[in-house]
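Structure data (mmCIF, C-alpha atoms) from start.cif:
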```cif
data_upload
#
loop_
_atom_site.label_atom_id
_atom_site.label_comp_id
_atom_site.auth_asym_id
_atom_site.auth_seq_id
_atom_site.Cartn_x
_atom_site.Cartn_y
_atom_site.Cartn_z
CA MET A 1 -12.45 -0.73 -2.15
CA ASN A 2 -9.22 -1.43 -0.27
CA SER A 3 -7.61 1.77 -1.53
CA ASP A 4 -10.62 3.73 -0.22
CA ILE A 5 -10.20 2.44 3.31
CA VAL A 6 -6.44 3.02 3.23
CA LEU A 7 -7.00 6.64 2.22
CA ALA A 8 -9.78 7.09 4.80
CA ALA A 9 -7.38 5.71 7.41
CA LYS A 10 -4.85 8.33 6.30
CA ASP A 11 -7.49 11.01 6.93
CA GLY A 12 -7.69 9.81 10.52
CA CYS A 13 -10.73 7.53 10.40
CA ARG A 14 -10.10 5.00 13.18
CA ARG A 15 -12.54 2.46 11.82
CA SER A 16 -10.83 2.50 8.43
CA LEU A 17 -7.48 2.08 10.18
CA ALA A 18 -8.85 -0.99 11.98
CA ARG A 19 -10.24 -2.36 8.71
CA THR A 20 -6.95 -1.80 6.89
CA LEU A 21 -5.12 -3.78 9.56
CA SER A 22 -7.69 -6.59 9.24
CA ALA A 23 -7.17 -6.63 5.48
CA LEU A 24 -3.43 -7.12 6.04
CA GLU A 25 -4.13 -9.92 8.53
CA ASN A 26 -6.54 -11.63 6.15
CA ASN A 27 -4.17 -11.33 3.17
CA THR A 28 -6.68 -9.26 1.18
CA LEU A 29 -4.37 -6.24 1.12
CA ASP A 30 -0.72 -6.24 0.14
CA ILE A 31 1.52 -4.06 2.32
CA ALA A 32 3.45 -2.81 -0.71
CA ASP A 33 0.22 -1.58 -2.35
CA ALA A 34 -0.88 0.14 0.86
CA LEU A 35 2.49 1.85 1.34
CA SER A 36 2.60 3.03 -2.27
CA LEU A 37 -0.75 4.75 -1.66
CA LEU A 38 0.62 6.43 1.45
CA GLY A 39 4.17 7.21 0.39
CA GLU A 40 6.74 4.90 1.88
CA ILE A 41 8.78 5.79 4.93
CA GLU A 42 12.40 4.92 5.54
CA ASN A 43 12.85 2.33 8.21
CA ASP A 44 16.06 0.41 8.47
CA PRO A 45 15.99 -1.38 11.82
CA SER A 46 19.06 -1.21 14.06
CA GLN A 47 20.76 1.38 11.84
CA GLN A 48 19.05 4.56 12.96
CA SER A 49 19.45 6.45 16.21
CA GLU A 50 15.74 6.90 16.88
CA TRP A 51 13.61 3.80 16.96
CA ASN A 52 10.20 3.25 15.38
CA ILE A 53 9.22 -0.24 16.51
CA MET A 54 9.87 -1.61 20.00
CA ALA A 55 9.12 -5.14 21.10
CA ILE A 56 8.30 -5.77 24.76
CA THR A 57 8.80 -9.42 25.55
CA GLY A 58 9.24 -11.70 28.54
CA ALA A 59 7.75 -14.69 30.31
CA PRO A 60 3.99 -14.94 30.90
CA GLY A 61 2.78 -13.12 34.00
CA VAL A 62 5.80 -10.85 34.60
CA GLY A 63 3.60 -7.80 34.06
CA LYS A 64 4.21 -6.86 30.42
CA SER A 65 0.70 -5.51 29.78
CA CYS A 66 0.53 -3.43 32.97
CA LEU A 67 4.00 -2.03 32.35
CA VAL A 68 3.21 -1.23 28.71
CA ASP A 69 0.10 0.62 29.92
CA LYS A 70 2.17 2.81 32.25
CA ILE A 71 4.88 3.47 29.67
CA ILE A 72 2.65 4.38 26.74
CA SER A 73 0.58 6.65 29.02
CA GLN A 74 3.78 8.60 29.73
CA TRP A 75 4.72 8.85 26.06
CA ALA A 76 1.21 9.82 24.98
CA SER A 77 1.09 12.58 27.59
CA GLN A 78 4.33 13.91 26.07
CA GLY A 79 2.51 14.28 22.75
CA LYS A 80 3.65 11.10 20.99
CA LYS A 81 1.13 9.11 19.00
CA ILE A 82 1.56 5.51 20.07
CA ALA A 83 0.17 2.35 18.49
CA LEU A 84 0.21 -0.88 20.47
CA LEU A 85 -0.05 -4.29 18.82
CA ALA A 86 -0.81 -6.73 21.63
CA VAL A 87 -0.19 -10.31 20.53
CA ASP A 88 -1.91 -13.28 22.19
CA PRO A 89 -1.78 -16.93 21.11
CA SER A 90 -4.28 -18.67 18.82
CA SER A 91 -5.33 -22.21 19.64
CA SER A 92 -3.38 -24.62 17.45
CA ARG A 93 -6.37 -26.97 17.71
CA THR A 94 -9.32 -24.73 16.76
CA GLY A 95 -7.63 -21.54 15.49
CA GLY A 96 -9.66 -19.46 17.96
CA ALA A 97 -8.16 -16.97 20.38
CA LEU A 98 -9.08 -15.13 23.56
CA LEU A 99 -7.43 -11.72 23.36
CA GLY A 100 -7.30 -10.29 26.86
CA ASP A 101 -4.56 -7.65 26.88
CA ARG A 102 -7.08 -4.79 26.78
CA VAL A 103 -8.30 -5.73 30.27
CA ARG A 104 -5.00 -4.36 31.68
CA LEU A 105 -4.94 -1.16 29.65
CA SER A 106 -6.25 1.94 31.37
CA VAL A 107 -4.67 4.39 28.91
CA VAL A 108 -7.48 3.79 26.38
CA ASP A 109 -9.96 4.97 29.04
CA ASP A 110 -8.11 8.23 29.68
CA ILE A 111 -10.19 10.90 28.02
CA MET A 112 -7.13 13.14 27.52
CA LEU A 113 -4.93 10.46 25.99
CA LYS A 114 -7.20 8.06 24.12
CA ASP A 115 -6.84 9.86 20.79
CA MET A 116 -3.05 9.58 21.08
CA VAL A 117 -3.17 5.81 21.50
CA TYR A 118 -4.34 3.02 19.22
CA VAL A 119 -4.53 -0.49 20.63
CA ARG A 120 -5.09 -3.55 18.51
CA SER A 121 -5.21 -7.15 19.75
CA VAL A 122 -3.53 -9.57 17.36
CA ALA A 123 -3.82 -13.36 17.40
CA THR A 124 -0.80 -15.42 16.29
CA ARG A 125 -3.01 -17.46 13.92
CA LYS A 126 -0.85 -19.96 11.99
CA SER A 127 2.52 -18.57 12.99
CA SER A 128 4.74 -20.72 15.17
CA SER A 129 6.47 -17.80 16.88
CA SER A 130 5.50 -15.28 19.53
CA VAL A 131 5.22 -12.56 16.87
CA PRO A 132 3.55 -13.47 13.56
CA ALA A 133 5.24 -12.02 10.48
CA VAL A 134 2.13 -9.98 9.56
CA VAL A 135 2.77 -7.83 12.64
CA SER A 136 5.72 -6.36 10.74
CA ASP A 137 3.38 -5.25 7.92
CA MET A 138 0.88 -3.87 10.43
CA ALA A 139 3.64 -1.87 12.13
CA GLN A 140 4.90 -0.46 8.81
CA LEU A 141 1.39 0.63 7.92
CA LEU A 142 0.85 2.34 11.28
CA LEU A 143 4.12 4.26 10.89
CA ALA A 144 3.15 5.31 7.37
CA LEU A 145 -0.18 6.57 8.73
CA GLY A 146 1.65 8.93 11.08
CA TRP A 147 1.83 7.03 14.35
CA ASN A 148 5.16 8.01 15.95
CA LYS A 149 6.01 4.76 17.70
CA VAL A 150 4.74 1.21 17.40
CA VAL A 151 5.01 -0.99 20.47
CA ILE A 152 4.62 -4.74 20.06
CA GLU A 153 3.73 -6.72 23.13
CA THR A 154 4.64 -10.31 22.37
CA VAL A 155 3.02 -13.49 23.57
CA GLY A 156 4.54 -14.47 26.90
CA ALA A 157 7.82 -15.93 25.67
CA GLY A 158 10.23 -18.42 27.11
CA GLN A 159 13.99 -18.41 27.37
CA SER A 160 14.92 -18.64 23.71
CA GLU A 161 12.01 -17.11 21.80
CA VAL A 162 13.70 -14.21 20.02
CA ARG A 163 11.67 -13.94 16.85
CA CYS A 164 10.56 -10.40 17.77
CA ALA A 165 14.13 -9.43 16.83
CA ALA A 166 13.10 -9.96 13.23
CA ILE A 167 10.62 -7.08 13.42
CA ALA A 168 11.61 -4.59 16.11
CA ASP A 169 14.32 -1.91 16.14
CA ARG A 170 14.60 -2.26 19.91
CA ILE A 171 13.93 -5.17 22.21
CA VAL A 172 12.97 -4.75 25.84
CA VAL A 173 12.91 -7.86 28.00
CA VAL A 174 10.68 -7.76 31.08
CA GLU A 175 11.67 -9.99 33.98
CA GLY A 176 10.08 -10.66 37.33
CA PRO A 177 11.70 -11.03 40.75
CA ALA A 178 13.17 -14.31 41.95
CA ARG A 179 13.27 -15.95 38.56
CA GLY A 180 15.89 -18.50 39.51
CA ASP A 181 19.42 -18.08 40.79
CA GLY A 182 22.41 -16.26 39.29
CA ILE A 183 23.07 -18.96 36.74
CA GLN A 184 19.76 -18.21 34.97
CA ALA A 185 21.10 -14.78 34.07
CA GLU A 186 24.18 -16.42 32.55
CA LYS A 187 22.22 -18.67 30.23
CA ALA A 188 22.12 -17.81 26.56
CA GLY A 189 18.89 -16.66 24.91
CA LEU A 190 16.52 -13.74 25.11
CA LEU A 191 18.69 -11.56 27.35
CA GLU A 192 21.52 -11.60 24.82
CA LEU A 193 19.43 -9.63 22.34
CA ALA A 194 17.90 -7.17 24.83
CA ASP A 195 18.50 -3.44 24.35
CA ALA A 196 17.10 -2.93 27.84
CA VAL A 197 15.96 -5.18 30.66
CA ILE A 198 13.22 -4.21 33.09
CA VAL A 199 12.79 -6.14 36.29
CA ASN A 200 9.14 -5.55 37.18
CA LYS A 201 7.32 -6.15 40.50
CA SER A 202 10.09 -4.32 42.36
CA ASP A 203 7.87 -4.32 45.44
CA ILE A 204 8.45 -8.05 45.81
CA VAL A 205 11.53 -9.40 47.61
CA GLY A 206 14.23 -10.56 45.23
CA ALA A 207 13.67 -8.03 42.44
CA ARG A 208 16.74 -5.94 43.20
CA LYS A 209 18.93 -9.01 43.62
CA HIS A 210 17.72 -10.37 40.28
CA ALA A 211 18.43 -7.02 38.59
CA ASP A 212 21.95 -7.00 40.08
CA GLU A 213 22.59 -10.52 38.79
CA ILE A 214 21.52 -9.52 35.28
CA LYS A 215 23.74 -6.41 35.41
CA GLU A 216 26.68 -8.48 36.57
CA SER A 217 26.13 -10.94 33.76
CA PHE A 218 26.09 -8.16 31.15
CA GLU A 219 29.34 -6.73 32.54
CA LEU A 220 31.11 -10.03 31.95
CA GLY A 221 30.31 -9.84 28.23
CA ASP A 222 31.74 -7.74 25.42
CA GLY A 223 30.45 -4.43 24.21
CA GLN A 224 27.97 -1.96 25.60
CA SER A 225 25.77 -3.24 28.44
CA PRO A 226 22.05 -2.53 28.10
CA PRO A 227 20.37 -0.61 30.92
CA VAL A 228 18.78 -2.75 33.64
CA LEU A 229 15.83 -0.97 35.28
CA LEU A 230 13.55 -1.71 38.23
CA THR A 231 9.83 -0.92 38.06
CA CYS A 232 6.62 -1.66 39.86
CA ALA A 233 3.83 -1.32 37.29
CA LEU A 234 1.26 -1.81 40.05
CA ASN A 235 2.08 1.36 42.01
CA GLY A 236 4.05 3.19 39.33
CA ASP A 237 7.48 3.14 41.02
CA GLY A 238 10.24 3.61 38.48
CA CYS A 239 7.84 3.79 35.52
CA GLN A 240 8.44 7.45 34.71
CA PHE A 241 12.20 6.89 34.71
CA ALA A 242 11.89 3.71 32.62
CA SER A 243 9.66 5.39 30.05
CA ASP A 244 12.18 8.26 29.67
CA ILE A 245 15.05 5.81 29.15
CA LEU A 246 13.09 3.65 26.69
CA LEU A 247 11.90 6.61 24.60
CA THR A 248 15.47 7.44 23.60
CA LEU A 249 16.87 3.94 23.91
CA GLN A 250 19.85 3.19 21.69
CA SER A 251 20.52 -0.17 20.16
CA THR A 252 23.34 -1.95 21.95
CA GLY A 253 24.42 -3.23 18.55
CA ARG A 254 25.71 -6.34 20.31
CA SER A 255 23.94 -8.85 18.19
CA SER A 256 23.27 -7.50 14.75
CA LYS A 257 24.21 -10.86 13.26
CA ALA A 258 21.77 -12.66 15.54
CA ARG A 259 19.04 -10.20 14.57
CA TRP A 260 19.61 -10.80 10.90
CA ARG A 261 19.45 -14.50 11.61
CA GLU A 262 15.97 -14.05 13.12
CA ARG A 263 14.88 -11.92 10.16
CA LEU A 264 16.12 -14.57 7.78
CA LEU A 265 14.33 -17.36 9.65
CA SER A 266 11.13 -15.35 9.84
CA GLY A 267 11.26 -14.67 6.12
CA LEU A 268 11.91 -18.33 5.38
CA GLU A 269 9.04 -19.46 7.61
CA GLN A 270 6.68 -17.09 5.85
CA LYS A 271 7.88 -18.37 2.49
CA ILE A 272 7.24 -21.98 3.53
CA LEU A 273 3.77 -21.16 4.95
CA GLN A 274 2.86 -19.43 1.69
CA ASN A 275 4.12 -22.26 -0.53
CA PRO A 276 1.14 -23.46 -2.61
CA ASN A 277 2.35 -27.08 -2.42
CA LEU A 278 2.64 -27.09 1.37
CA ASP A 279 -0.58 -29.01 2.07
CA GLU A 280 0.24 -31.57 -0.59
CA ILE A 281 3.74 -32.07 0.79
CA LEU A 282 2.41 -32.41 4.35
CA LEU A 283 -0.07 -35.04 3.17
CA SER A 284 2.66 -36.99 1.36
CA LEU A 285 4.81 -36.83 4.50
CA ALA A 286 1.96 -37.97 6.74
CA SER A 287 1.11 -40.92 4.52
CA GLY A 288 4.77 -41.93 4.20
CA TYR A 289 5.19 -41.38 0.43
CA ILE A 290 8.21 -39.12 0.90
CA GLU A 291 10.97 -38.63 3.48
CA LEU A 292 11.57 -35.38 5.36
CA ASP A 293 14.74 -34.62 3.33
CA GLU A 294 12.79 -34.96 0.13
CA ALA A 295 10.04 -32.66 1.44
CA ILE A 296 12.59 -29.99 2.35
CA ASN A 297 14.10 -30.27 -1.13
CA ASN A 298 10.64 -29.95 -2.71
CA LEU A 299 9.90 -26.84 -0.66
CA ASN A 300 13.19 -25.27 -1.69
CA ASN A 301 12.51 -25.74 -5.38
CA MET B 1 -16.98 -24.58 10.82
CA GLY B 2 -17.32 -21.20 9.10
CA ALA B 3 -14.86 -18.35 8.77
CA MET B 4 -13.13 -16.82 11.77
CA ILE B 5 -15.14 -13.93 13.23
CA ARG B 6 -13.88 -11.19 15.57
CA VAL B 7 -16.21 -10.68 18.54
CA VAL B 8 -15.98 -8.17 21.39
CA VAL B 9 -17.46 -9.44 24.66
CA ALA B 10 -18.20 -6.55 27.03
CA LYS B 11 -19.56 -5.89 30.51
CA PRO B 12 -21.25 -2.47 30.58
CA GLY B 13 -21.98 -0.61 33.78
CA LEU B 14 -21.57 -1.48 37.45
CA ASP B 15 -21.70 -5.26 37.43
CA GLY B 16 -19.02 -7.64 38.60
CA HIS B 17 -20.63 -10.91 37.52
CA ASP B 18 -18.58 -12.05 34.54
CA ARG B 19 -18.80 -15.86 34.68
CA GLY B 20 -21.39 -15.84 31.88
CA ALA B 21 -19.32 -13.48 29.72
CA LYS B 22 -16.26 -15.70 30.23
CA VAL B 23 -18.16 -18.88 29.36
CA VAL B 24 -19.42 -17.28 26.13
CA ALA B 25 -15.94 -15.94 25.31
CA ARG B 26 -14.47 -19.41 25.83
CA ALA B 27 -17.14 -21.09 23.67
CA LEU B 28 -16.48 -18.62 20.85
CA ARG B 29 -12.73 -19.22 21.15
CA ASP B 30 -13.23 -22.98 21.00
CA ALA B 31 -15.37 -22.53 17.88
CA GLY B 32 -12.38 -20.90 16.17
CA HIS B 33 -13.28 -17.22 16.57
CA GLU B 34 -11.15 -14.37 17.91
CA VAL B 35 -12.65 -12.91 21.08
CA ILE B 36 -11.62 -9.59 22.60
CA TYR B 37 -12.71 -9.37 26.22
CA THR B 38 -13.02 -5.84 27.63
CA GLY B 39 -13.03 -6.58 31.34
CA LEU B 40 -15.53 -5.21 33.86
CA ARG B 41 -17.36 -1.92 34.31
CA ARG B 42 -17.04 -0.41 30.84
CA THR B 43 -18.96 2.67 29.72
CA ALA B 44 -20.93 2.69 26.48
CA SER B 45 -18.33 4.86 24.72
CA GLN B 46 -15.42 2.67 25.91
CA ILE B 47 -17.18 -0.37 24.46
CA VAL B 48 -17.89 1.38 21.16
CA GLU B 49 -14.25 2.51 20.86
CA THR B 50 -13.06 -1.04 21.48
CA VAL B 51 -15.38 -2.43 18.79
CA ARG B 52 -14.14 0.25 16.38
CA ASP B 53 -10.39 -0.17 17.05
CA GLU B 54 -10.54 -3.98 17.06
CA ASP B 55 -12.64 -4.16 13.88
CA ALA B 56 -15.11 -6.57 15.47
CA ALA B 57 -18.11 -7.84 13.49
CA PHE B 58 -20.11 -8.81 16.59
CA LEU B 59 -20.58 -7.27 20.04
CA GLY B 60 -21.82 -9.36 22.95
CA LEU B 61 -23.12 -7.44 25.99
CA SER B 62 -23.56 -9.06 29.37
CA SER B 63 -25.54 -7.58 32.25
CA LEU B 64 -26.86 -9.10 35.45
CA SER B 65 -27.38 -5.87 37.32
CA GLY B 66 -30.88 -4.96 36.13
CA ALA B 67 -29.65 -1.87 34.27
CA HIS B 68 -29.91 -3.48 30.81
CA SER B 69 -32.84 -1.32 29.63
CA HIS B 70 -30.69 1.74 30.23
CA LEU B 71 -27.27 0.44 29.14
CA PHE B 72 -27.95 -1.67 26.03
CA PRO B 73 -29.91 1.01 24.09
CA LYS B 74 -27.18 3.51 24.94
CA VAL B 75 -24.48 1.24 23.49
CA CYS B 76 -26.57 0.67 20.34
CA GLU B 77 -27.14 4.38 19.93
CA GLU B 78 -23.44 5.18 20.30
CA LEU B 79 -22.53 2.47 17.79
CA ARG B 80 -24.81 4.11 15.24
CA LYS B 81 -23.46 7.56 16.11
CA ALA B 82 -19.92 6.28 15.45
CA GLY B 83 -21.01 4.90 12.08
CA LEU B 84 -20.60 1.26 13.15
CA ASN B 85 -23.98 0.38 11.63
CA ASP B 86 -23.00 -3.08 10.40
CA VAL B 87 -21.92 -4.40 13.84
CA ILE B 88 -24.28 -7.15 15.06
CA VAL B 89 -25.20 -6.84 18.75
CA PHE B 90 -26.37 -9.64 21.03
CA ALA B 91 -26.84 -9.81 24.79
CA GLY B 92 -27.02 -12.14 27.73
CA GLY B 93 -27.67 -12.10 31.45
CA ILE B 94 -30.76 -11.59 33.56
CA ILE B 95 -33.09 -9.89 31.08
CA PRO B 96 -36.80 -10.35 31.95
CA LYS B 97 -39.04 -11.39 29.03
CA THR B 98 -41.09 -8.20 29.45
CA ASP B 99 -38.01 -6.04 28.72
CA ARG B 100 -36.88 -7.89 25.61
CA GLN B 101 -39.12 -6.50 22.87
CA ALA B 102 -37.99 -2.94 23.58
CA LEU B 103 -34.35 -4.06 23.33
CA PHE B 104 -34.94 -5.82 19.99
CA SER B 105 -36.47 -2.56 18.75
CA CYS B 106 -33.26 -0.76 19.74
CA GLY B 107 -31.19 -3.00 17.48
CA LEU B 108 -30.26 -6.09 19.54
CA LYS B 109 -30.45 -9.27 17.45
CA ALA B 110 -30.47 -11.90 20.20
CA ILE B 111 -30.95 -12.13 23.96
CA PHE B 112 -29.79 -15.24 25.78
CA GLY B 113 -30.91 -15.99 29.30
CA PRO B 114 -29.78 -18.50 31.93
CA GLY B 115 -29.82 -22.08 30.65
CA THR B 116 -28.96 -21.20 27.05
CA SER B 117 -26.55 -23.70 25.52
CA THR B 118 -23.35 -22.29 24.07
CA ALA B 119 -24.22 -24.24 20.89
CA GLU B 120 -27.28 -22.02 20.44
CA ILE B 121 -25.16 -18.87 20.75
CA LEU B 122 -22.71 -20.25 18.18
CA SER B 123 -25.58 -21.05 15.79
CA PHE B 124 -26.86 -17.50 16.16
CA ILE B 125 -23.40 -16.09 15.34
CA GLU B 126 -22.99 -18.27 12.26
CA ILE B 127 -26.50 -17.61 10.95
CA ALA B 128 -26.48 -13.85 11.63
CA ASN B 129 -23.04 -13.60 10.01
CA GLU B 130 -24.52 -14.90 6.75
CA MET B 131 -27.49 -12.52 6.79
CA ASP B 132 -27.74 -9.08 5.20
CA GLU B 133 -28.75 -5.83 6.88
CA VAL B 134 -28.84 -7.21 10.44
CA GLY B 135 -26.33 -4.71 11.89
CA VAL B 136 -27.33 -2.38 14.70
CA GLY B 137 -27.98 0.51 12.31
CA GLU B 138 -29.32 -1.48 9.37
CA SER B 139 -32.80 -2.06 8.03
CA SER B 140 -33.71 -5.67 8.93
CA ASP B 141 -36.03 -6.16 11.92
CA TRP B 142 -35.11 -9.86 12.16
CA TYR B 143 -34.04 -11.17 15.54
CA TRP B 144 -33.15 -14.58 16.96
CA GLN B 145 -36.18 -16.42 18.33
CA GLY B 146 -34.44 -19.52 19.61
CA VAL B 147 -33.89 -22.91 18.03
#
```

Please express the file's structure as structure tokens.
Amino acid sequence: MNSDIVLAAKDGCRRSLARTLSALENNTLDIADALSLLGEIENDPSQQSEWNIMAITGAPGVGKSCLVDKIISQWASQGKKIALLAVDPSSSRTGGALLGDRVRLSVVDDIMLKDMVYVRSVATRKSSSSVPAVVSDMAQLLLALGWNKVVIETVGAGQSEVRCAAIADRIVVVEGPARGDGIQAEKAGLLELADAVIVNKSDIVGARKHADEIKESFELGDGQSPPVLLTCALNGDGCQFASDILLTLQSTGRSSKARWRERLLSGLEQKILQNPNLDEILLSLASGYIELDEAINNLNN
Amino acid sequence: MGAMIRVVVAKPGLDGHDRGAKVVARALRDAGHEVIYTGLRRTASQIVETVRDEDAAFLGLSSLSGAHSHLFPKVCEELRKAGLNDVIVFAGGIIPKTDRQALFSCGLKAIFGPGTSTAEILSFIEIANEMDEVGVGESSDWYWQGV
């Protein structure tokens, strides 16, 4: 039955596409099986000149969804087929989620563009990071089905949440105006891995100054500086320019080691979460039968 | 608690009153389900496309504008036209008792008015999810008659 929906998705059936993605999320379909049905595509992140998967990340409320809406509208009107995976957090208490990114997206209402754009809301479920590992499988599947670019909008992420580096070929960090003084731009973390930085809400005082501080900080470092752009997603200022730059964005190649580190950690986390003895080990830990060191050793074996 | 269910909560037509929709969305979230909220003033086809692309099993429609007898049947019809026959549709808002039977005949499986407890809505979701042929384009003429 799964192979039927994968093949129907290949023929352009949107409902089958949605069902295939659900099957990946629910672990009832293996990505390798799906790709072998479709014919695998080459995708070696950070090595190629044209990107396939871009992560848009940044703190909550800086305007990621609105900006993504403007940017993918531009790309879709240039004839690119764009898939957006919009990630929102699941409750760690109940497992439920309220997925609200669609509220900001007007591109799906545009009668000329809606067939060029696929939007899917994704909950983080059990994952501890801002991008669950299954998003990587979902992105691979979308590319194999003929979508030109996959954009991942992460959960609003803090200073050091860089797990999206494990999945994306390019990372765009969205900042807002007046997000602290110059020293914030000097701190280590998310900005170090950015291939581009967009300071959104340029209509608000402090945006240009913040962009200048980020630029200055990049110039103090080694290697190629990523572009720092100003936009106002609300009125569209700078969005056309930003979407042109992002479409052909090159990797800065500054942090390939750091990216591999994130990939490694993401792979390890997935391995631990899939370990059949995990629940048993957690129970033993909680009831004090074993020490943490012992648990880690058990998981490694 | 049963399995996680994906539910689209939508506001069709010209109606800005979304407190009810938000309360229902929040209750579903707290019961462990994944809720996709569409925002205000959606057309029937926008709602159907959202249900399709998000692979939702349930669609909740909210209307307090008085246009329910026009909007809800239109959404049900477009769901069937798009082949989304197994999606289960329920509604809430200000829906007079005299209008309800016609809406059940169009494929709605529950209508919740003011004063409904969120627990009742959750029971409906869990029970309907276990039933066969209760989708908007399927054969069962069962509908929720309260607790």

Enumerate as a PyMOL selection string the residues belonging to chain A that approach chain B to within 7 Å, with all atoms listed in the file taken into account. chain A and resi 14-15+18-19+94-100+102-103+109+119-121

Taking only C-alpha atoms into account, name the residue in A:Ala196, A:Val87, A:Ile272, A:Ile71 that is nearest to Asp244 of chain A.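 Of A:Ala196, A:Val87, A:Ile272, A:Ile71, the one nearest Asp244 of chain A, counting only C-alpha atoms, is A:Ile71.
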
Shortest interatomic distance to Leu79 of chain B - which of B:Asp132, B:Asp99, B:Glu120, B:Glu138, counting only C-alpha atoms: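 Ranking B:Asp132, B:Asp99, B:Glu120, B:Glu138 by distance to Leu79 of chain B, first place goes to B:Glu138.
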
Using only C-alpha atoms, which protein or nucleic acid residues come within 8 Å of Glu133 of chain B? Drop anything in the same chain fewer than 6 positions from it, and give the result as a list in words. Asp86, Ser139 and Ser140 of chain B

Hits of the PyMOL selection byres ((chain B and resi 112) around 6) in this structure, as a compact mmCIF listing (two decimals) with C-alpha atoms, keeping the file's coordinate frame:
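Done, and the output landed in out-v4.txt:
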```
# COMPACT_ATOMS: atom_id res chain seq x y z
CA GLY B 92 -27.02 -12.14 27.73
CA ILE B 111 -30.95 -12.13 23.96
CA GLY B 113 -30.91 -15.99 29.30
```

Might you spell out which residues the PyMOL selection byres ((chain A and resi 10) around 12) would select in the displayed file, as number ranges by chain? A: 3-9, 11-18, 20, 34-35, 37-39, 141-147

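In terms of minimum interatomic distance to Ser256 of chain A, A:Asp169 ranks closest within A:Asp212, A:Ser90, A:Asp169, A:Leu85, counting all atoms listed in the file.
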
Using atom CA of Trp144 of chain B and atom CA of Ala23 of chain A as the two end points, give the distance in Å to one decimal. 29.5 Å

I need the output of the PyMOL selection byres ((chain A and resi 134) around 10) for this file as a PyMOL selection string; which residues are they? chain A and resi 21+24-27+31+122+124+127+131-133+135-140+167+270

Generate a file of the selected residues that holds C-alpha atoms, formatted as an mmCIF file, in the coordinates of the input.
```cif
data_model
loop_
_atom_site.group_PDB
_atom_site.id
_atom_site.type_symbol
_atom_site.label_atom_id
_atom_site.label_comp_id
_atom_site.auth_asym_id
_atom_site.auth_seq_id
_atom_site.Cartn_x
_atom_site.Cartn_y
_atom_site.Cartn_z
ATOM 1 C CA LEU A 21 -5.120 -3.780 9.560
ATOM 2 C CA LEU A 24 -3.430 -7.120 6.040
ATOM 3 C CA GLU A 25 -4.130 -9.920 8.530
ATOM 4 C CA ASN A 26 -6.540 -11.630 6.150
ATOM 5 C CA ASN A 27 -4.170 -11.330 3.170
ATOM 6 C CA ILE A 31 1.520 -4.060 2.320
ATOM 7 C CA VAL A 122 -3.530 -9.570 17.360
ATOM 8 C CA THR A 124 -0.800 -15.420 16.290
ATOM 9 C CA SER A 127 2.520 -18.570 12.990
ATOM 10 C CA VAL A 131 5.220 -12.560 16.870
ATOM 11 C CA PRO A 132 3.550 -13.470 13.560
ATOM 12 C CA ALA A 133 5.240 -12.020 10.480
ATOM 13 C CA VAL A 135 2.770 -7.830 12.640
ATOM 14 C CA SER A 136 5.720 -6.360 10.740
ATOM 15 C CA ASP A 137 3.380 -5.250 7.920
ATOM 16 C CA MET A 138 0.880 -3.870 10.430
ATOM 17 C CA ALA A 139 3.640 -1.870 12.130
ATOM 18 C CA GLN A 140 4.900 -0.460 8.810
ATOM 19 C CA ILE A 167 10.620 -7.080 13.420
ATOM 20 C CA GLN A 270 6.680 -17.090 5.850
#
```

Write out N, CA and C atoms for segment 69-77 of chain A, as a short mmCIF file (atom, residue, chain, number, x, y, z; two decimals), in the frame of the given file.
```
data_model
loop_
_atom_site.label_atom_id
_atom_site.label_comp_id
_atom_site.auth_asym_id
_atom_site.auth_seq_id
_atom_site.Cartn_x
_atom_site.Cartn_y
_atom_site.Cartn_z
N ASP A 69 1.14 -0.38 29.66
CA ASP A 69 0.10 0.62 29.92
C ASP A 69 0.71 1.87 30.54
N LYS A 70 1.54 1.67 31.57
CA LYS A 70 2.17 2.81 32.25
C LYS A 70 3.10 3.57 31.30
N ILE A 71 3.87 2.83 30.51
CA ILE A 71 4.88 3.47 29.67
C ILE A 71 4.22 4.24 28.52
N ILE A 72 3.23 3.64 27.87
CA ILE A 72 2.65 4.38 26.74
C ILE A 72 1.80 5.56 27.23
N SER A 73 1.27 5.48 28.46
CA SER A 73 0.58 6.65 29.02
C SER A 73 1.55 7.83 29.12
N GLN A 74 2.77 7.54 29.60
CA GLN A 74 3.78 8.60 29.73
C GLN A 74 4.10 9.21 28.37
N TRP A 75 4.33 8.35 27.40
CA TRP A 75 4.72 8.85 26.06
C TRP A 75 3.58 9.64 25.43
N ALA A 76 2.35 9.13 25.58
CA ALA A 76 1.21 9.82 24.98
C ALA A 76 1.03 11.19 25.62
N SER A 77 1.28 11.28 26.94
CA SER A 77 1.09 12.58 27.59
C SER A 77 2.21 13.55 27.21
#
```
